[in-house]
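For reference, model-v9.txt (compact mmCIF, C-alpha atoms and all ligand atoms):
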```
# COMPACT_ATOMS: atom_id res chain seq x y z
CA MET A 1081 52.30 109.01 -96.46
CA ALA A 1082 52.51 112.78 -96.42
CA TYR A 1083 55.18 114.49 -98.45
CA TYR A 1084 56.55 117.79 -97.26
CA GLY A 1085 58.96 118.84 -99.96
CA PRO A 1086 60.83 117.96 -103.08
CA GLU A 1087 64.03 116.87 -101.36
CA VAL A 1088 64.68 113.15 -101.54
CA ALA A 1089 66.67 111.40 -98.83
CA LEU A 1090 67.88 107.94 -99.65
CA LEU A 1091 69.04 106.03 -96.60
CA PRO A 1092 71.70 103.33 -96.80
CA ILE A 1093 70.13 99.88 -96.71
CA ILE A 1094 71.67 97.32 -94.34
CA THR A 1095 72.28 94.01 -96.10
CA GLY A 1096 73.26 90.52 -95.04
CA ALA A 1097 71.36 87.80 -93.18
CA ASP A 1098 73.73 88.10 -90.22
CA ALA A 1099 73.70 91.88 -89.81
CA PRO A 1100 73.00 92.38 -86.07
CA ILE A 1101 70.43 95.18 -86.54
CA LEU A 1102 68.40 92.94 -88.89
CA ARG A 1103 68.33 90.27 -86.18
CA THR A 1104 67.26 92.54 -83.32
CA LYS A 1105 63.62 92.83 -82.27
CA THR A 1106 62.47 96.43 -82.56
CA LYS A 1107 61.11 98.56 -79.72
CA SER A 1108 57.57 99.95 -79.62
CA VAL A 1109 57.24 103.64 -80.38
CA THR A 1110 55.92 105.60 -77.41
CA ARG A 1111 55.85 109.10 -78.96
CA ILE A 1112 55.24 110.01 -82.58
CA THR A 1113 57.73 112.82 -83.07
CA LYS A 1114 58.46 114.95 -86.13
CA GLU A 1115 61.75 113.08 -86.37
CA LEU A 1116 59.89 109.76 -86.57
CA VAL A 1117 57.55 111.06 -89.28
CA LYS A 1118 60.61 112.31 -91.19
CA LEU A 1119 62.24 108.88 -90.80
CA LEU A 1120 59.13 107.24 -92.28
CA LYS A 1121 59.16 109.69 -95.19
CA ASP A 1122 62.86 108.97 -95.82
CA MET A 1123 62.19 105.24 -95.55
CA ASP A 1124 59.45 105.46 -98.14
CA GLU A 1125 61.68 107.41 -100.53
CA THR A 1126 64.40 104.80 -100.00
CA ARG A 1127 61.85 102.06 -100.72
CA ILE A 1128 60.77 103.80 -103.94
CA GLY A 1129 64.41 104.27 -104.96
CA SER A 1130 65.00 100.54 -104.50
CA GLU A 1131 61.68 99.44 -106.03
CA GLY A 1132 60.68 97.58 -102.89
CA ALA A 1133 57.15 96.66 -101.83
CA GLY A 1134 58.02 97.57 -98.27
CA ILE A 1135 60.80 98.63 -95.94
CA ALA A 1136 61.27 98.22 -92.19
CA ALA A 1137 63.27 100.36 -89.75
CA PRO A 1138 66.03 97.78 -89.11
CA GLN A 1139 66.82 97.83 -92.84
CA VAL A 1140 67.96 101.43 -92.47
CA GLY A 1141 69.76 100.77 -89.21
CA ARG A 1142 66.98 101.81 -86.81
CA SER A 1143 65.30 99.97 -83.96
CA GLU A 1144 61.85 101.62 -83.83
CA ARG A 1145 58.88 99.32 -84.50
CA VAL A 1146 57.89 101.04 -87.76
CA CYS A 1147 57.70 100.09 -91.40
CA ILE A 1148 56.25 101.07 -94.74
CA ALA A 1149 54.18 98.52 -96.64
CA MET A 1150 52.41 98.70 -99.96
CA ILE A 1151 48.78 98.02 -99.10
CA ASN A 1152 46.41 97.86 -102.05
CA LYS A 1153 49.07 99.63 -104.14
CA VAL A 1154 49.46 102.54 -101.70
CA PRO A 1155 52.43 102.96 -99.33
CA VAL A 1156 51.20 102.96 -95.72
CA ALA A 1157 53.30 103.89 -92.70
CA LEU A 1158 52.72 101.39 -89.90
CA ILE A 1159 53.69 102.37 -86.35
CA ASN A 1160 53.77 99.54 -83.77
CA PRO A 1161 52.08 97.11 -86.16
CA GLU A 1162 50.81 93.84 -84.72
CA ILE A 1163 49.18 91.00 -86.60
CA THR A 1164 46.20 90.12 -84.43
CA TRP A 1165 44.77 87.32 -86.58
CA LYS A 1166 46.01 85.09 -89.41
CA SER A 1167 43.96 82.78 -91.60
CA GLU A 1168 44.80 79.12 -91.33
CA GLU A 1169 44.89 79.04 -95.11
CA THR A 1170 48.35 79.78 -96.45
CA ASP A 1171 50.05 79.95 -99.81
CA VAL A 1172 53.66 79.89 -100.93
CA GLN A 1173 55.22 82.53 -103.15
CA GLN A 1174 58.72 83.72 -103.94
CA GLU A 1175 59.84 86.78 -102.05
CA GLY A 1176 62.85 89.00 -102.32
CA CYS A 1177 64.20 91.45 -99.76
CA LEU A 1178 66.08 94.74 -100.11
CA SER A 1179 68.47 93.47 -97.44
CA LEU A 1180 69.20 90.20 -99.28
CA PRO A 1181 69.95 91.30 -102.84
CA GLY A 1182 69.66 88.58 -105.45
CA GLN A 1183 67.99 86.04 -103.17
CA TRP A 1184 64.52 84.72 -103.95
CA ILE A 1185 62.97 82.35 -101.46
CA ASP A 1186 59.66 80.46 -101.33
CA VAL A 1187 57.85 81.70 -98.24
CA PRO A 1188 54.55 80.35 -96.87
CA ARG A 1189 52.27 83.11 -95.58
CA ALA A 1190 48.71 83.37 -94.31
CA ILE A 1191 46.42 84.45 -97.13
CA GLU A 1192 44.44 86.80 -94.86
CA ILE A 1193 45.45 88.76 -91.79
CA ILE A 1194 44.11 91.44 -89.48
CA ILE A 1195 46.63 94.07 -88.51
CA SER A 1196 46.46 96.85 -85.94
CA PHE A 1197 48.82 99.82 -85.90
CA LYS A 1198 49.02 103.55 -85.31
CA ASN A 1199 49.18 105.96 -88.21
CA THR A 1200 51.50 109.00 -88.26
CA LYS A 1201 48.77 111.08 -86.56
CA GLY A 1202 48.67 108.62 -83.67
CA ALA A 1203 45.26 107.18 -84.57
CA GLU A 1204 44.70 103.46 -83.96
CA GLN A 1205 43.89 101.64 -87.18
CA GLU A 1206 42.77 98.11 -87.93
CA MET A 1207 42.75 96.53 -91.38
CA LYS A 1208 41.86 93.14 -92.79
CA LEU A 1209 44.19 92.33 -95.67
CA ARG A 1210 44.23 89.60 -98.26
CA GLY A 1211 46.68 88.32 -100.86
CA TRP A 1212 49.72 90.37 -101.82
CA SER A 1213 49.09 93.17 -99.31
CA ALA A 1214 48.81 90.60 -96.49
CA ARG A 1215 52.06 89.01 -97.69
CA VAL A 1216 53.96 92.32 -97.76
CA VAL A 1217 52.80 93.22 -94.25
CA GLN A 1218 53.81 89.79 -92.88
CA HIS A 1219 57.27 90.24 -94.46
CA GLU A 1220 57.70 93.70 -92.88
CA VAL A 1221 56.41 92.62 -89.46
CA ASP A 1222 58.90 89.74 -89.59
CA HIS A 1223 61.66 92.36 -90.01
CA LEU A 1224 60.41 94.14 -86.88
CA ASP A 1225 60.80 90.84 -85.01
CA GLY A 1226 64.31 90.20 -86.37
CA LYS A 1227 63.17 87.56 -88.85
CA LEU A 1228 64.26 87.28 -92.51
CA ILE A 1229 63.06 85.27 -95.52
CA VAL A 1230 66.16 83.05 -95.35
CA ASP A 1231 64.69 81.68 -92.09
CA TYR A 1232 61.98 80.02 -94.22
CA ALA A 1233 64.46 78.35 -96.59
CA ALA A 1234 64.23 74.57 -96.57
ZN ZN A 1301 62.73 92.43 -96.45
```

The structure in this file should be written as structure tokens.
Amino acid sequence: MAYYGPEVALLPIITGADAPILRTKTKSVTRITKELVKLLKDMDETRIGSEGAGIAAPQVGRSERVCIAMINKVPVALINPEITWKSEETDVQQEGCLSLPGQWIDVPRAIEIIISFKNTKGAEQEMKLRGWSARVVQHEVDHLDGKLIVDYAA
């Protein structure tokens, strides 16, 4: 992420498993505008303020297919992310969600994934991720598809 100034903008976080915006599939971004880059910056500051490992546009009431995910301990802005491959091997770990305060749910996830996305400069990127980073990205991409961790609850 690029930071442009000292001002911090915390966005309100939408909560509740039934909130309509959290259940709506996002729309692909066709143009990377200054406004979109500002949104991603504000989302990351909101994520930091809430101590989250990631944050997706629907969580701040938006419908663009964008999110921020901690990847190898660095926040990365993902525009139009798609998981193009998942390992068959999975593991189960407890996850929380900024939109579901106080809930911790065991979620099975692929241990390794390949993800493609655009960065804020519009460049196509591809990354192979493993472990916690792969888990965070799968959680955020779920948000972009209207899916929440409660959907995995037994
Ligand atoms: Zn979440």

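With only C-alpha atoms and all ligand atoms as the atoms that count, the set of residues no farther than 7 Å from ligand ZN 1301 (chain A) is Ile1135, Gly1176, Cys1177, Leu1178, Ser1179, His1219, Glu1220, His1223 and Leu1228 of chain A.
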
Limited to C-alpha atoms, could you put the picked residues into a file as a PDB file, in the frame of the given file?
```
ATOM      1  CA  ILE A1135      60.800  98.630 -95.940  1.00  0.00           C
ATOM      2  CA  GLY A1176      62.850  89.000-102.320  1.00  0.00           C
ATOM      3  CA  CYS A1177      64.200  91.450 -99.760  1.00  0.00           C
ATOM      4  CA  LEU A1178      66.080  94.740-100.110  1.00  0.00           C
ATOM      5  CA  SER A1179      68.470  93.470 -97.440  1.00  0.00           C
ATOM      6  CA  HIS A1219      57.270  90.240 -94.460  1.00  0.00           C
ATOM      7  CA  GLU A1220      57.700  93.700 -92.880  1.00  0.00           C
ATOM      8  CA  HIS A1223      61.660  92.360 -90.010  1.00  0.00           C
ATOM      9  CA  LEU A1228      64.260  87.280 -92.510  1.00  0.00           C
TER      10      LEU A1228
END
```

Practice prompt. With a distance cut-off of 6 Å and all atoms listed in the file, select the neighbouring residues of Met1150 of chain A, excluding the residue or stretch itself and same-chain residues fewer than 2 positions from it, and output the selection as a PyMOL selection string.
Written response: chain A and resi 1133-1134+1153-1155

Restrict the selected residues to C-alpha atoms and save them as a CSV table (one decimal), keeping the file's coordinate frame.
```
chain,number,residue,atom,x,y,z
A,1133,ALA,CA,57.2,96.7,-101.8
A,1134,GLY,CA,58.0,97.6,-98.3
A,1153,LYS,CA,49.1,99.6,-104.1
A,1154,VAL,CA,49.5,102.5,-101.7
A,1155,PRO,CA,52.4,103.0,-99.3
```

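Comparing A:Arg1103, A:Arg1215, A:Lys1114, A:Arg1127 by their smallest distance to Arg1142 of chain A, the closest is A:Arg1103 (using only C-alpha atoms).
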
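In this model, the gap between atom CA of Gly1132 of chain A and atom CA of Arg1111 of chain A comes to 27.0 Å.
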
Sorted per-residue table, segment 1116-1220 of chain A near segment 1098-1101 of chain A, closest atoms and distance, 9 Å, all atoms listed in the file, as JSON lines:
```
{"residue": "A:Pro1138", "atom": "CA", "partner": "A:Ile1101", "partner_atom": "CA", "distance": 5.7}
{"residue": "A:Gln1139", "atom": "CA", "partner": "A:Ile1101", "partner_atom": "CA", "distance": 7.7}
{"residue": "A:Val1140", "atom": "CA", "partner": "A:Ile1101", "partner_atom": "CA", "distance": 9.0}
{"residue": "A:Gly1141", "atom": "CA", "partner": "A:Ile1101", "partner_atom": "CA", "distance": 6.2}
{"residue": "A:Arg1142", "atom": "CA", "partner": "A:Ile1101", "partner_atom": "CA", "distance": 7.5}
{"residue": "A:Ser1143", "atom": "CA", "partner": "A:Ile1101", "partner_atom": "CA", "distance": 7.5}
```

Item to complete: Pick out the residues sitting within 7 Å of Asp1225 of chain A, and hand them over as a VMD selection string; count all atoms listed in the file, and ignore anything fewer than 3 positions along from it in its own chain.
Response: chain A and resid 1104 to 1106 1221 to 1222

Fill in: Non-local contacts of Glu1162 of chain A (9 Å; all atoms listed in the file; under 6 positions in same chain excluded) as a PyMOL selection string
chain A and resi 1194-1197+1221

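Counting from atom CA of Glu1192 of chain A, the distance to atom CA of Arg1210 of chain A is 4.4 Å.
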
Discussion item. With distances taken over all atoms listed in the file, which residue among A:Ile1093, A:Thr1200, A:Leu1180, A:Pro1161 lies nearest Lys1118 of chain A?
Written reply: A:Thr1200

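Counting from atom CA of Thr1170 of chain A, the distance to atom CA of Val1146 of chain A is 24.9 Å.
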
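Restricting the calculation to all atoms listed in the file, the smallest distance between Val1156 of chain A and any of A:Val1217, A:Val1230, A:Ala1190, A:Leu1116 is found for A:Val1217.
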
Build an axis-aligned box that encloses every atom of segment 1088-1096 of chain A listed in the file, pad it by 3 Å on each side, and report its centre and edge lengths in Å to one decimal, as JSON.
```
{"center_x": 69.0, "center_y": 101.8, "center_z": -97.9, "size_x": 14.6, "size_y": 28.6, "size_z": 13.2}
```

Kindly reconstruct segment 1107-1140 of chain A with N, CA and C atoms and present the result as an mmCIF file, in the coordinates of the input.
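Result saved to part10.cif:
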```
data_model
loop_
_atom_site.group_PDB
_atom_site.id
_atom_site.type_symbol
_atom_site.label_atom_id
_atom_site.label_comp_id
_atom_site.auth_asym_id
_atom_site.auth_seq_id
_atom_site.Cartn_x
_atom_site.Cartn_y
_atom_site.Cartn_z
ATOM 1 N N LYS A 1107 61.787 98.076 -80.926
ATOM 2 C CA LYS A 1107 61.110 98.560 -79.720
ATOM 3 C C LYS A 1107 59.885 99.395 -80.107
ATOM 4 N N SER A 1108 58.795 99.198 -79.361
ATOM 5 C CA SER A 1108 57.570 99.950 -79.620
ATOM 6 C C SER A 1108 57.819 101.441 -79.524
ATOM 7 N N VAL A 1109 57.147 102.180 -80.390
ATOM 8 C CA VAL A 1109 57.240 103.640 -80.380
ATOM 9 C C VAL A 1109 56.278 104.167 -79.311
ATOM 10 N N THR A 1110 56.784 105.046 -78.452
ATOM 11 C CA THR A 1110 55.920 105.600 -77.410
ATOM 12 C C THR A 1110 55.452 107.015 -77.752
ATOM 13 N N ARG A 1111 56.234 107.730 -78.564
ATOM 14 C CA ARG A 1111 55.850 109.100 -78.960
ATOM 15 C C ARG A 1111 56.091 109.258 -80.450
ATOM 16 N N ILE A 1112 55.087 109.770 -81.145
ATOM 17 C CA ILE A 1112 55.240 110.010 -82.580
ATOM 18 C C ILE A 1112 55.766 111.431 -82.766
ATOM 19 N N THR A 1113 57.077 111.523 -82.952
ATOM 20 C CA THR A 1113 57.730 112.820 -83.070
ATOM 21 C C THR A 1113 57.855 113.215 -84.547
ATOM 22 N N LYS A 1114 58.185 114.492 -84.763
ATOM 23 C CA LYS A 1114 58.460 114.950 -86.130
ATOM 24 C C LYS A 1114 59.603 114.157 -86.735
ATOM 25 N N GLU A 1115 60.588 113.836 -85.895
ATOM 26 C CA GLU A 1115 61.750 113.080 -86.370
ATOM 27 C C GLU A 1115 61.310 111.703 -86.866
ATOM 28 N N LEU A 1116 60.369 111.082 -86.158
ATOM 29 C CA LEU A 1116 59.890 109.760 -86.570
ATOM 30 C C LEU A 1116 59.127 109.850 -87.901
ATOM 31 N N VAL A 1117 58.309 110.883 -88.031
ATOM 32 C CA VAL A 1117 57.550 111.060 -89.280
ATOM 33 C C VAL A 1117 58.515 111.306 -90.439
ATOM 34 N N LYS A 1118 59.588 112.080 -90.165
ATOM 35 C CA LYS A 1118 60.610 112.310 -91.190
ATOM 36 C C LYS A 1118 61.315 111.002 -91.552
ATOM 37 N N LEU A 1119 61.619 110.190 -90.546
ATOM 38 C CA LEU A 1119 62.240 108.880 -90.800
ATOM 39 C C LEU A 1119 61.350 108.049 -91.730
ATOM 40 N N LEU A 1120 60.040 108.040 -91.453
ATOM 41 C CA LEU A 1120 59.130 107.240 -92.280
ATOM 42 C C LEU A 1120 59.084 107.764 -93.710
ATOM 43 N N LYS A 1121 59.133 109.089 -93.852
ATOM 44 C CA LYS A 1121 59.160 109.690 -95.190
ATOM 45 C C LYS A 1121 60.445 109.281 -95.923
ATOM 46 N N ASP A 1122 61.574 109.359 -95.213
ATOM 47 C CA ASP A 1122 62.860 108.970 -95.820
ATOM 48 C C ASP A 1122 62.876 107.475 -96.148
ATOM 49 N N MET A 1123 62.273 106.676 -95.271
ATOM 50 C CA MET A 1123 62.190 105.240 -95.550
ATOM 51 C C MET A 1123 61.383 104.972 -96.803
ATOM 52 N N ASP A 1124 60.279 105.704 -96.959
ATOM 53 C CA ASP A 1124 59.450 105.460 -98.140
ATOM 54 C C ASP A 1124 60.191 105.878 -99.410
ATOM 55 N N GLU A 1125 60.918 106.995 -99.341
ATOM 56 C CA GLU A 1125 61.680 107.410 -100.530
ATOM 57 C C GLU A 1125 62.782 106.398 -100.846
ATOM 58 N N THR A 1126 63.371 105.835 -99.808
ATOM 59 C CA THR A 1126 64.400 104.800 -100.000
ATOM 60 C C THR A 1126 63.773 103.563 -100.636
ATOM 61 N N ARG A 1127 62.583 103.206 -100.154
ATOM 62 C CA ARG A 1127 61.850 102.060 -100.720
ATOM 63 C C ARG A 1127 61.562 102.298 -102.203
ATOM 64 N N ILE A 1128 61.084 103.485 -102.537
ATOM 65 C CA ILE A 1128 60.770 103.800 -103.940
ATOM 66 C C ILE A 1128 62.044 103.717 -104.779
ATOM 67 N N GLY A 1129 63.141 104.271 -104.247
ATOM 68 C CA GLY A 1129 64.410 104.270 -104.960
ATOM 69 C C GLY A 1129 64.948 102.873 -105.215
ATOM 70 N N SER A 1130 64.535 101.928 -104.370
ATOM 71 C CA SER A 1130 65.000 100.540 -104.500
ATOM 72 C C SER A 1130 63.943 99.633 -105.098
ATOM 73 N N GLU A 1131 62.800 100.204 -105.453
ATOM 74 C CA GLU A 1131 61.680 99.440 -106.030
ATOM 75 C C GLU A 1131 61.228 98.309 -105.123
ATOM 76 N N GLY A 1132 61.157 98.585 -103.840
ATOM 77 C CA GLY A 1132 60.680 97.580 -102.890
ATOM 78 C C GLY A 1132 59.195 97.735 -102.616
ATOM 79 N N ALA A 1133 58.575 96.626 -102.191
ATOM 80 C CA ALA A 1133 57.150 96.660 -101.830
ATOM 81 C C ALA A 1133 56.963 97.102 -100.380
ATOM 82 N N GLY A 1134 58.081 97.152 -99.660
ATOM 83 C CA GLY A 1134 58.020 97.570 -98.270
ATOM 84 C C GLY A 1134 59.415 97.796 -97.745
ATOM 85 N N ILE A 1135 59.487 98.415 -96.574
ATOM 86 C CA ILE A 1135 60.800 98.630 -95.940
ATOM 87 C C ILE A 1135 60.550 98.780 -94.435
ATOM 88 N N ALA A 1136 61.435 98.199 -93.651
ATOM 89 C CA ALA A 1136 61.270 98.220 -92.190
ATOM 90 C C ALA A 1136 62.468 98.941 -91.565
ATOM 91 N N ALA A 1137 62.244 99.540 -90.398
ATOM 92 C CA ALA A 1137 63.270 100.360 -89.750
ATOM 93 C C ALA A 1137 64.631 99.676 -89.629
ATOM 94 N N PRO A 1138 64.697 98.385 -89.251
ATOM 95 C CA PRO A 1138 66.030 97.780 -89.110
ATOM 96 C C PRO A 1138 66.834 97.801 -90.413
ATOM 97 N N GLN A 1139 66.130 97.830 -91.542
ATOM 98 C CA GLN A 1139 66.820 97.830 -92.840
ATOM 99 C C GLN A 1139 67.561 99.128 -93.105
ATOM 100 N N VAL A 1140 67.204 100.176 -92.362
ATOM 101 C CA VAL A 1140 67.960 101.430 -92.470
ATOM 102 C C VAL A 1140 68.688 101.724 -91.160
#
```
